[in-house]
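The file final15.txt comes next; it holds compact mmCIF, C-alpha atoms and all ligand atoms.
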```txt
# COMPACT_ATOMS: atom_id res chain seq x y z
CA MET C 1 -34.70 -13.91 -129.95
CA LYS C 2 -35.11 -10.71 -131.96
CA LYS C 3 -32.78 -12.00 -134.65
CA GLN C 4 -34.75 -15.23 -134.93
CA ALA C 5 -38.02 -13.36 -135.24
CA LEU C 6 -36.54 -11.18 -137.97
CA SER C 7 -35.21 -14.08 -140.00
CA LEU C 8 -38.52 -15.86 -139.66
CA LEU C 9 -40.30 -12.77 -140.97
CA ILE C 10 -37.89 -12.58 -143.90
CA SER C 11 -38.40 -16.21 -144.83
CA VAL C 12 -42.17 -15.79 -144.62
CA LEU C 13 -42.00 -12.74 -146.86
CA ALA C 14 -39.74 -14.52 -149.32
CA SER C 15 -42.30 -17.27 -149.73
CA VAL C 16 -45.20 -14.91 -150.37
CA CYS C 17 -46.35 -15.22 -153.93
CA ILE C 18 -46.14 -12.22 -156.19
CA SER C 19 -48.87 -13.47 -158.48
CA ALA C 20 -51.13 -16.48 -158.31
CA ALA C 21 -49.93 -17.83 -161.66
CA ALA C 22 -46.28 -17.59 -160.69
CA CYS C 23 -46.72 -19.88 -157.73
CA ALA C 24 -49.45 -22.34 -158.63
CA GLN C 25 -46.83 -25.01 -157.93
CA ASP C 26 -46.47 -23.88 -154.30
CA ASN C 27 -49.66 -25.62 -153.29
CA MET C 28 -49.12 -28.76 -155.32
CA THR C 29 -49.10 -31.92 -153.21
CA ALA C 30 -49.69 -34.54 -155.92
CA VAL C 31 -49.36 -34.90 -159.69
CA ASP C 32 -52.66 -34.52 -161.52
CA ASN C 33 -53.53 -37.83 -163.22
CA ARG C 34 -56.69 -36.81 -165.08
CA VAL C 35 -54.94 -36.96 -168.46
CA PHE C 36 -54.79 -40.75 -168.10
CA GLU C 37 -58.02 -42.20 -169.43
CA LYS C 38 -58.77 -44.51 -166.50
CA PRO C 39 -56.15 -44.05 -163.79
CA GLU C 40 -55.28 -47.39 -162.17
CA ARG C 41 -53.41 -45.78 -159.29
CA THR C 42 -53.86 -42.88 -156.90
CA ARG C 43 -52.19 -39.58 -157.79
CA ALA C 44 -48.46 -39.65 -157.09
CA VAL C 45 -47.40 -37.76 -153.97
CA PHE C 46 -45.39 -34.71 -154.97
CA ARG C 47 -45.10 -31.66 -152.76
CA HIS C 48 -43.54 -29.51 -155.43
CA GLU C 49 -41.85 -26.83 -153.36
CA SER C 50 -40.77 -28.79 -150.31
CA HIS C 51 -39.69 -31.72 -152.49
CA ASN C 52 -37.38 -29.58 -154.58
CA GLU C 53 -36.00 -27.82 -151.55
CA ARG C 54 -35.23 -31.02 -149.69
CA ALA C 55 -33.87 -32.71 -152.79
CA LYS C 56 -31.80 -29.57 -153.48
CA ILE C 57 -32.88 -29.29 -157.08
CA ASP C 58 -32.59 -25.68 -158.11
CA VAL C 59 -32.87 -25.86 -161.88
CA CYS C 60 -36.41 -26.02 -163.17
CA ASN C 61 -35.41 -27.80 -166.36
CA GLU C 62 -34.25 -30.85 -164.44
CA CYS C 63 -37.93 -31.79 -164.95
CA HIS C 64 -39.44 -29.03 -167.13
CA HIS C 65 -37.11 -29.58 -170.06
CA VAL C 66 -36.97 -28.60 -173.70
CA MET C 67 -35.34 -31.33 -175.79
CA LYS C 68 -33.69 -31.04 -179.17
CA ASP C 69 -32.11 -33.93 -181.10
CA GLY C 70 -32.15 -36.07 -177.97
CA LYS C 71 -30.41 -33.43 -175.82
CA LYS C 72 -31.69 -31.09 -173.17
CA LEU C 73 -31.30 -27.40 -174.00
CA GLU C 74 -29.46 -26.10 -170.92
CA HIS C 75 -30.89 -22.59 -170.93
CA GLU C 76 -34.50 -23.35 -171.76
CA SER C 77 -37.31 -24.64 -169.63
CA SER C 78 -40.97 -25.49 -170.09
CA GLU C 79 -42.69 -24.91 -166.74
CA ASP C 80 -45.45 -23.10 -168.64
CA LYS C 81 -46.42 -26.47 -170.15
CA ARG C 82 -47.78 -29.74 -168.83
CA CYS C 83 -45.68 -32.86 -169.42
CA SER C 84 -48.71 -34.15 -171.33
CA ASP C 85 -48.45 -31.28 -173.84
CA CYS C 86 -45.49 -33.15 -175.33
CA HIS C 87 -45.79 -36.70 -173.96
CA GLY C 88 -48.78 -38.61 -175.29
CA LEU C 89 -50.34 -41.73 -173.80
CA ALA C 90 -48.25 -43.90 -176.17
CA ASP C 91 -44.57 -43.70 -177.14
CA SER C 92 -43.97 -41.57 -180.20
CA GLY C 93 -40.58 -41.95 -181.88
CA GLU C 94 -37.96 -41.03 -179.29
CA THR C 95 -40.52 -39.41 -177.01
CA PRO C 96 -41.53 -41.76 -174.21
CA SER C 97 -45.18 -42.11 -173.22
CA LEU C 98 -46.40 -39.93 -170.37
CA ARG C 99 -46.35 -42.77 -167.88
CA LYS C 100 -42.81 -43.76 -168.87
CA ALA C 101 -41.69 -40.14 -168.84
CA PHE C 102 -42.86 -39.71 -165.24
CA HIS C 103 -41.39 -42.99 -164.06
CA LEU C 104 -38.06 -42.37 -165.79
CA ASN C 105 -37.88 -38.87 -164.38
CA CYS C 106 -39.12 -39.47 -160.82
CA ARG C 107 -38.09 -43.02 -160.02
CA GLY C 108 -35.03 -42.69 -162.28
CA CYS C 109 -33.55 -39.96 -160.15
CA HIS C 110 -34.47 -41.72 -156.89
CA GLU C 111 -32.77 -44.90 -158.07
CA LYS C 112 -29.71 -43.08 -159.32
CA SER C 113 -29.27 -40.97 -156.20
CA GLY C 114 -30.28 -43.69 -153.75
CA LYS C 115 -32.74 -41.20 -152.19
CA GLY C 116 -36.50 -40.88 -152.49
CA PRO C 117 -39.18 -43.55 -152.96
CA VAL C 118 -38.91 -46.32 -155.59
CA MET C 119 -41.78 -48.62 -154.51
CA CYS C 120 -45.19 -48.23 -156.19
CA GLY C 121 -47.09 -47.70 -152.94
CA GLU C 122 -44.71 -45.01 -151.72
CA CYS C 123 -45.62 -42.73 -154.62
CA HIS C 124 -49.15 -44.06 -155.21
CA PRO C 125 -50.53 -44.54 -151.70
CA LYS C 126 -53.56 -46.79 -151.11
CA GLU C 127 -55.78 -43.80 -150.51
CA ASP C 128 -55.59 -40.62 -152.53
CA ARG C 129 -54.44 -37.71 -150.37
C1 LIG Y 1 -41.17 -42.01 -157.69
C2 LIG Y 1 -42.61 -42.04 -157.76
C3 LIG Y 1 -43.28 -43.19 -158.48
C4 LIG Y 1 -43.10 -44.54 -158.31
C5 LIG Y 1 -42.10 -45.24 -157.39
C6 LIG Y 1 -44.07 -45.20 -159.15
N1 LIG Y 1 -44.82 -44.27 -159.81
FE1 LIG Y 1 -46.37 -44.65 -161.10
N2 LIG Y 1 -46.52 -42.67 -161.53
C7 LIG Y 1 -45.81 -41.67 -160.93
C8 LIG Y 1 -46.23 -40.39 -161.49
C9 LIG Y 1 -45.69 -39.02 -161.11
C10 LIG Y 1 -47.23 -40.69 -162.44
C11 LIG Y 1 -48.05 -39.71 -163.31
C12 LIG Y 1 -49.05 -38.87 -162.52
C13 LIG Y 1 -49.94 -39.59 -161.55
O1 LIG Y 1 -50.36 -40.75 -161.80
O2 LIG Y 1 -50.20 -39.00 -160.49
C14 LIG Y 1 -47.40 -42.14 -162.44
C15 LIG Y 1 -48.30 -42.82 -163.24
C16 LIG Y 1 -48.55 -44.17 -163.17
C17 LIG Y 1 -49.57 -44.86 -163.96
C18 LIG Y 1 -50.46 -44.21 -165.02
C19 LIG Y 1 -51.64 -43.52 -164.36
C20 LIG Y 1 -52.63 -44.50 -163.79
O3 LIG Y 1 -52.92 -44.40 -162.56
O4 LIG Y 1 -53.12 -45.39 -164.51
C21 LIG Y 1 -49.56 -46.16 -163.56
C22 LIG Y 1 -50.47 -47.30 -164.05
C23 LIG Y 1 -48.51 -46.30 -162.57
N3 LIG Y 1 -47.91 -45.06 -162.35
C24 LIG Y 1 -48.18 -47.47 -161.92
C25 LIG Y 1 -47.07 -47.63 -161.10
C26 LIG Y 1 -46.59 -48.93 -160.61
C27 LIG Y 1 -47.28 -50.27 -160.87
C28 LIG Y 1 -45.46 -48.68 -159.86
C29 LIG Y 1 -44.52 -49.67 -159.20
C30 LIG Y 1 -43.97 -50.71 -160.08
C31 LIG Y 1 -45.24 -47.23 -159.89
N4 LIG Y 1 -46.24 -46.64 -160.65
C32 LIG Y 1 -44.23 -46.57 -159.22
C33 LIG Y 1 -44.86 -41.81 -159.95
C34 LIG Y 1 -44.37 -43.02 -159.46
C1 LIG Y 2 -38.48 -32.70 -159.67
C2 LIG Y 2 -39.20 -32.23 -160.83
C3 LIG Y 2 -39.58 -30.76 -160.91
C4 LIG Y 2 -38.77 -29.65 -160.73
C5 LIG Y 2 -37.29 -29.59 -160.39
C6 LIG Y 2 -39.63 -28.49 -160.94
N1 LIG Y 2 -40.91 -28.91 -161.23
FE1 LIG Y 2 -42.51 -27.70 -161.63
N2 LIG Y 2 -43.72 -29.34 -161.84
C7 LIG Y 2 -43.27 -30.66 -161.82
C8 LIG Y 2 -44.36 -31.54 -162.17
C9 LIG Y 2 -44.29 -33.05 -162.27
C10 LIG Y 2 -45.49 -30.72 -162.39
C11 LIG Y 2 -46.87 -31.17 -162.86
C12 LIG Y 2 -46.79 -31.26 -164.37
C13 LIG Y 2 -48.00 -31.81 -165.04
O1 LIG Y 2 -49.04 -32.01 -164.39
O2 LIG Y 2 -47.93 -32.04 -166.28
C14 LIG Y 2 -45.05 -29.34 -162.18
C15 LIG Y 2 -45.86 -28.22 -162.33
C16 LIG Y 2 -45.41 -26.92 -162.29
C17 LIG Y 2 -46.25 -25.76 -162.53
C18 LIG Y 2 -47.73 -25.77 -162.83
C19 LIG Y 2 -48.48 -25.76 -161.52
C20 LIG Y 2 -49.99 -25.96 -161.63
O3 LIG Y 2 -50.61 -26.21 -160.58
O4 LIG Y 2 -50.52 -25.89 -162.74
C21 LIG Y 2 -45.44 -24.65 -162.43
C22 LIG Y 2 -45.85 -23.19 -162.58
C23 LIG Y 2 -44.09 -25.13 -162.12
N3 LIG Y 2 -44.12 -26.51 -162.04
C24 LIG Y 2 -42.99 -24.31 -161.95
C25 LIG Y 2 -41.71 -24.75 -161.64
C26 LIG Y 2 -40.57 -23.86 -161.45
C27 LIG Y 2 -40.61 -22.32 -161.59
C28 LIG Y 2 -39.50 -24.66 -161.13
C29 LIG Y 2 -38.08 -24.25 -160.79
C30 LIG Y 2 -37.94 -23.28 -159.71
C31 LIG Y 2 -39.98 -26.05 -161.13
N4 LIG Y 2 -41.32 -26.06 -161.44
C32 LIG Y 2 -39.20 -27.16 -160.87
C33 LIG Y 2 -42.00 -31.08 -161.53
C34 LIG Y 2 -40.92 -30.28 -161.24
C1 LIG Y 3 -41.87 -29.04 -174.79
C2 LIG Y 3 -42.09 -30.47 -174.88
C3 LIG Y 3 -41.79 -31.29 -173.64
C4 LIG Y 3 -42.25 -31.09 -172.36
C5 LIG Y 3 -43.15 -29.99 -171.84
C6 LIG Y 3 -41.75 -32.20 -171.58
N1 LIG Y 3 -41.00 -33.04 -172.35
FE1 LIG Y 3 -40.04 -34.75 -171.76
N2 LIG Y 3 -39.31 -35.02 -173.65
C7 LIG Y 3 -39.66 -34.27 -174.74
C8 LIG Y 3 -39.06 -34.86 -175.95
C9 LIG Y 3 -39.19 -34.32 -177.37
C10 LIG Y 3 -38.33 -36.00 -175.52
C11 LIG Y 3 -37.53 -36.98 -176.38
C12 LIG Y 3 -36.16 -36.44 -176.61
C13 LIG Y 3 -35.32 -37.37 -177.46
O1 LIG Y 3 -34.73 -38.30 -176.89
O2 LIG Y 3 -35.29 -37.14 -178.65
C14 LIG Y 3 -38.51 -36.07 -174.07
C15 LIG Y 3 -37.93 -37.03 -173.26
C16 LIG Y 3 -38.21 -37.22 -171.93
C17 LIG Y 3 -37.62 -38.25 -171.09
C18 LIG Y 3 -36.58 -39.28 -171.53
C19 LIG Y 3 -35.25 -38.59 -171.77
C20 LIG Y 3 -34.67 -38.11 -170.48
O3 LIG Y 3 -34.62 -36.90 -170.23
O4 LIG Y 3 -34.30 -38.96 -169.68
C21 LIG Y 3 -38.17 -38.10 -169.84
C22 LIG Y 3 -37.84 -38.92 -168.62
C23 LIG Y 3 -39.10 -36.97 -169.89
N3 LIG Y 3 -39.09 -36.46 -171.18
C24 LIG Y 3 -39.87 -36.52 -168.82
C25 LIG Y 3 -40.66 -35.36 -168.83
C26 LIG Y 3 -41.44 -34.86 -167.69
C27 LIG Y 3 -41.55 -35.56 -166.35
C28 LIG Y 3 -42.03 -33.69 -168.09
C29 LIG Y 3 -42.87 -32.72 -167.28
C30 LIG Y 3 -42.32 -32.29 -165.98
C31 LIG Y 3 -41.62 -33.46 -169.47
N4 LIG Y 3 -40.82 -34.49 -169.87
C32 LIG Y 3 -42.01 -32.36 -170.22
C33 LIG Y 3 -40.42 -33.12 -174.74
C34 LIG Y 3 -41.01 -32.55 -173.63
C1 LIG Y 4 -33.29 -34.96 -159.82
C2 LIG Y 4 -33.72 -35.87 -158.77
C3 LIG Y 4 -35.18 -36.07 -158.44
C4 LIG Y 4 -36.27 -36.04 -159.28
C5 LIG Y 4 -36.31 -35.75 -160.78
C6 LIG Y 4 -37.44 -36.36 -158.46
N1 LIG Y 4 -37.05 -36.58 -157.16
FE1 LIG Y 4 -38.29 -37.12 -155.60
N2 LIG Y 4 -36.71 -37.03 -154.32
C7 LIG Y 4 -35.40 -36.78 -154.68
C8 LIG Y 4 -34.57 -36.80 -153.48
C9 LIG Y 4 -33.05 -36.53 -153.44
C10 LIG Y 4 -35.43 -37.10 -152.41
C11 LIG Y 4 -35.06 -37.23 -150.92
C12 LIG Y 4 -35.18 -35.87 -150.27
C13 LIG Y 4 -34.94 -35.97 -148.79
O1 LIG Y 4 -33.78 -36.14 -148.42
O2 LIG Y 4 -35.90 -35.88 -148.05
C14 LIG Y 4 -36.78 -37.25 -152.98
C15 LIG Y 4 -37.91 -37.54 -152.22
C16 LIG Y 4 -39.17 -37.77 -152.73
C17 LIG Y 4 -40.35 -38.10 -151.94
C18 LIG Y 4 -40.39 -38.30 -150.42
C19 LIG Y 4 -40.24 -36.98 -149.71
C20 LIG Y 4 -41.38 -36.04 -149.99
O3 LIG Y 4 -41.11 -34.94 -150.51
O4 LIG Y 4 -42.54 -36.41 -149.75
C21 LIG Y 4 -41.41 -38.22 -152.82
C22 LIG Y 4 -42.85 -38.56 -152.48
C23 LIG Y 4 -40.87 -37.95 -154.15
N3 LIG Y 4 -39.50 -37.69 -154.06
C24 LIG Y 4 -41.64 -37.96 -155.31
C25 LIG Y 4 -41.17 -37.57 -156.57
C26 LIG Y 4 -42.00 -37.49 -157.77
C27 LIG Y 4 -43.46 -37.86 -157.85
C28 LIG Y 4 -41.17 -37.05 -158.77
C29 LIG Y 4 -41.50 -36.79 -160.23
C30 LIG Y 4 -42.63 -35.90 -160.51
C31 LIG Y 4 -39.83 -36.86 -158.21
N4 LIG Y 4 -39.88 -37.18 -156.88
C32 LIG Y 4 -38.73 -36.44 -158.93
C33 LIG Y 4 -34.92 -36.52 -155.93
C34 LIG Y 4 -35.68 -36.39 -157.10
```

Show me the file's structure as structure tokens.
Ligand code: HEC
Ligand code: HEC
Ligand code: HEC
Ligand code: HEC
Amino acid sequence: MKKQALSLLISVLASVCISAAACAQDNMTAVDNRVFEKPERTRAVFRHESHNERAKIDVCNECHHVMKDGKKLEHESSEDKRCSDCHGLADSGETPSLRKAFHLNCRGCHEKSGKGPVMCGECHPKEDR
């Protein structure tokens, strides 16, 4: 019992945020869609922290990448930027539009791994939540 209580305390402490800015993603439950002019769908469900834990993704640049000549720079990441800082509403050269970038990233991995939602309504539920 004591051991369990101690490990619970440790895990609670480990998840305490050191600064608000460093853990803004902790409370994220959906991807902001306000950069799209007139969103047609509800915000995509995305519980940042629990998603990445369950999906066992431990490198930030799996999503927050820095690209050069069509390749991902292994040791750089861009979590200080929004995807929309680099991906515009339309394709631009080799850079896919924001909507494509999200779908390729999110649905792409789900399709490839055979895990996670691939149907529209699973990511964009009827009602925003
Ligand atoms: C794996 C999750 C996922 C799936 C499956 C998915 N989307 Fe998305 N979609 C996103 C994300 C993330 C965004 C960008 C942020 C947001 O809208 O919340 C987005 C954005 C969009 C946008 C641009 C924003 C808007 O609301 O106008 C449209 C349109 C869209 N999706 C339609 C669809 C349609 C249609 C399907 C099914 C064919 C689909 N999506 C399936 C995750 C998904
Ligand atoms: C599976 C994809 C994915 C992974 C892996 C990931 N993130 Fe994110 N993160 C996102 C998306 C999507 C957003 C929203 C981006 C946007 O709105 O443009 C985001 C947003 C953020 C934000 C901004 C939060 C806010 O509310 O403004 C921070 C900070 C962040 N991530 C940090 C991290 C860190 C640190 C890691 C690695 C430990 C990480 N992310 C791993 C997808 C991911
Ligand atoms: C610092 C700028 C930058 C940021 C921030 C950025 N990207 Fe990209 N991304 C690029 C560039 C540039 C390319 C095109 C690379 C090429 O093929 O030349 C690209 C390509 C992509 C591609 C297609 C290539 C691939 O990796 O499969 C996807 C998908 C993608 N980005 C998703 C995202 C998502 C999702 C986010 C936010 C979590 C994001 N990007 C943030 C610059 C950025
Ligand atoms: C590198 C792979 C990868 C990427 C990128 C990724 N996912 Fe996932 N996702 C997974 C896996 C694996 C699961 C299943 C986890 C489990 O076993 O519960 C999952 C599950 C989910 C679920 C259902 C479980 C939950 O957390 O609610 C949602 C919703 C989801 N993903 C949304 C997204 C969105 C939105 C994005 C893009 C912003 C994204 N995913 C990007 C791998 C990924």

Counting all atoms listed in the file, what are the residues, protein, DNA or RNA alike, that approach ligand LIG 4 (chain Y) to within 9 Å? I want them as an mmCIF file with C-alpha atoms, keeping the file's coordinate frame.
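Listed below is the output, selection_37.cif:
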```
data_model
loop_
_atom_site.group_PDB
_atom_site.id
_atom_site.type_symbol
_atom_site.label_atom_id
_atom_site.label_comp_id
_atom_site.auth_asym_id
_atom_site.auth_seq_id
_atom_site.Cartn_x
_atom_site.Cartn_y
_atom_site.Cartn_z
ATOM 1 C CA THR C 29 -49.100 -31.920 -153.210
ATOM 2 C CA ALA C 30 -49.690 -34.540 -155.920
ATOM 3 C CA VAL C 31 -49.360 -34.900 -159.690
ATOM 4 C CA ARG C 43 -52.190 -39.580 -157.790
ATOM 5 C CA ALA C 44 -48.460 -39.650 -157.090
ATOM 6 C CA VAL C 45 -47.400 -37.760 -153.970
ATOM 7 C CA PHE C 46 -45.390 -34.710 -154.970
ATOM 8 C CA ARG C 47 -45.100 -31.660 -152.760
ATOM 9 C CA HIS C 48 -43.540 -29.510 -155.430
ATOM 10 C CA GLU C 49 -41.850 -26.830 -153.360
ATOM 11 C CA SER C 50 -40.770 -28.790 -150.310
ATOM 12 C CA HIS C 51 -39.690 -31.720 -152.490
ATOM 13 C CA ASN C 52 -37.380 -29.580 -154.580
ATOM 14 C CA GLU C 53 -36.000 -27.820 -151.550
ATOM 15 C CA ARG C 54 -35.230 -31.020 -149.690
ATOM 16 C CA ALA C 55 -33.870 -32.710 -152.790
ATOM 17 C CA LYS C 56 -31.800 -29.570 -153.480
ATOM 18 C CA ILE C 57 -32.880 -29.290 -157.080
ATOM 19 C CA GLU C 62 -34.250 -30.850 -164.440
ATOM 20 C CA CYS C 63 -37.930 -31.790 -164.950
ATOM 21 C CA PHE C 102 -42.860 -39.710 -165.240
ATOM 22 C CA HIS C 103 -41.390 -42.990 -164.060
ATOM 23 C CA LEU C 104 -38.060 -42.370 -165.790
ATOM 24 C CA ASN C 105 -37.880 -38.870 -164.380
ATOM 25 C CA CYS C 106 -39.120 -39.470 -160.820
ATOM 26 C CA ARG C 107 -38.090 -43.020 -160.020
ATOM 27 C CA GLY C 108 -35.030 -42.690 -162.280
ATOM 28 C CA CYS C 109 -33.550 -39.960 -160.150
ATOM 29 C CA HIS C 110 -34.470 -41.720 -156.890
ATOM 30 C CA GLU C 111 -32.770 -44.900 -158.070
ATOM 31 C CA LYS C 112 -29.710 -43.080 -159.320
ATOM 32 C CA SER C 113 -29.270 -40.970 -156.200
ATOM 33 C CA GLY C 114 -30.280 -43.690 -153.750
ATOM 34 C CA LYS C 115 -32.740 -41.200 -152.190
ATOM 35 C CA GLY C 116 -36.500 -40.880 -152.490
ATOM 36 C CA PRO C 117 -39.180 -43.550 -152.960
ATOM 37 C CA VAL C 118 -38.910 -46.320 -155.590
ATOM 38 C CA GLU C 122 -44.710 -45.010 -151.720
ATOM 39 C CA CYS C 123 -45.620 -42.730 -154.620
ATOM 40 C CA HIS C 124 -49.150 -44.060 -155.210
#
```

Among the residues C:Val66, C:Cys83, C:Cys120, C:Ala101, the one that comes closest to ligand LIG 2 (chain Y) [using all atoms listed in the file] | C:Cys83

Contacts of Pro39 in chain C at 12 Å (all atoms listed in the file; same-chain gap of 5+ positions) as number ranges by chain = C: 32-34, 44, 89, 99, 124, 128

One decimal, Å: what's the distance from CA of His65 in chain C over to atom C24 of ligand LIG 3 (chain Y), could you say?
-> 7.6 Å

Would you place a box with edges along x, y and z of the file around all atoms of range 46-57 of chain C listed there, add 8 Å to each of its six sides, and report the centre and edge lengths in Å to one decimal, as AutoDock Vina command-line options?
```
--center_x -38.6 --center_y -30.8 --center_z -153.4 --size_x 29.6 --size_y 23.9 --size_z 23.4
```

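Of the listed residues (C:Glu127, C:Glu76, C:Asp69, C:Asp85), C:Asp85 comes nearest to ligand LIG 2 (chain Y); the distances count all atoms listed in the file.
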
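We find atom C13 of ligand LIG 3 (chain Y) and CA of Thr95 in chain C to be spaced 5.6 Å apart.
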
Could you work out how far CA of Lys68 in chain C lies from CA of Glu94 in chain C, giving the answer in Å with one decimal?
->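 It comes out at 10.9 Å.
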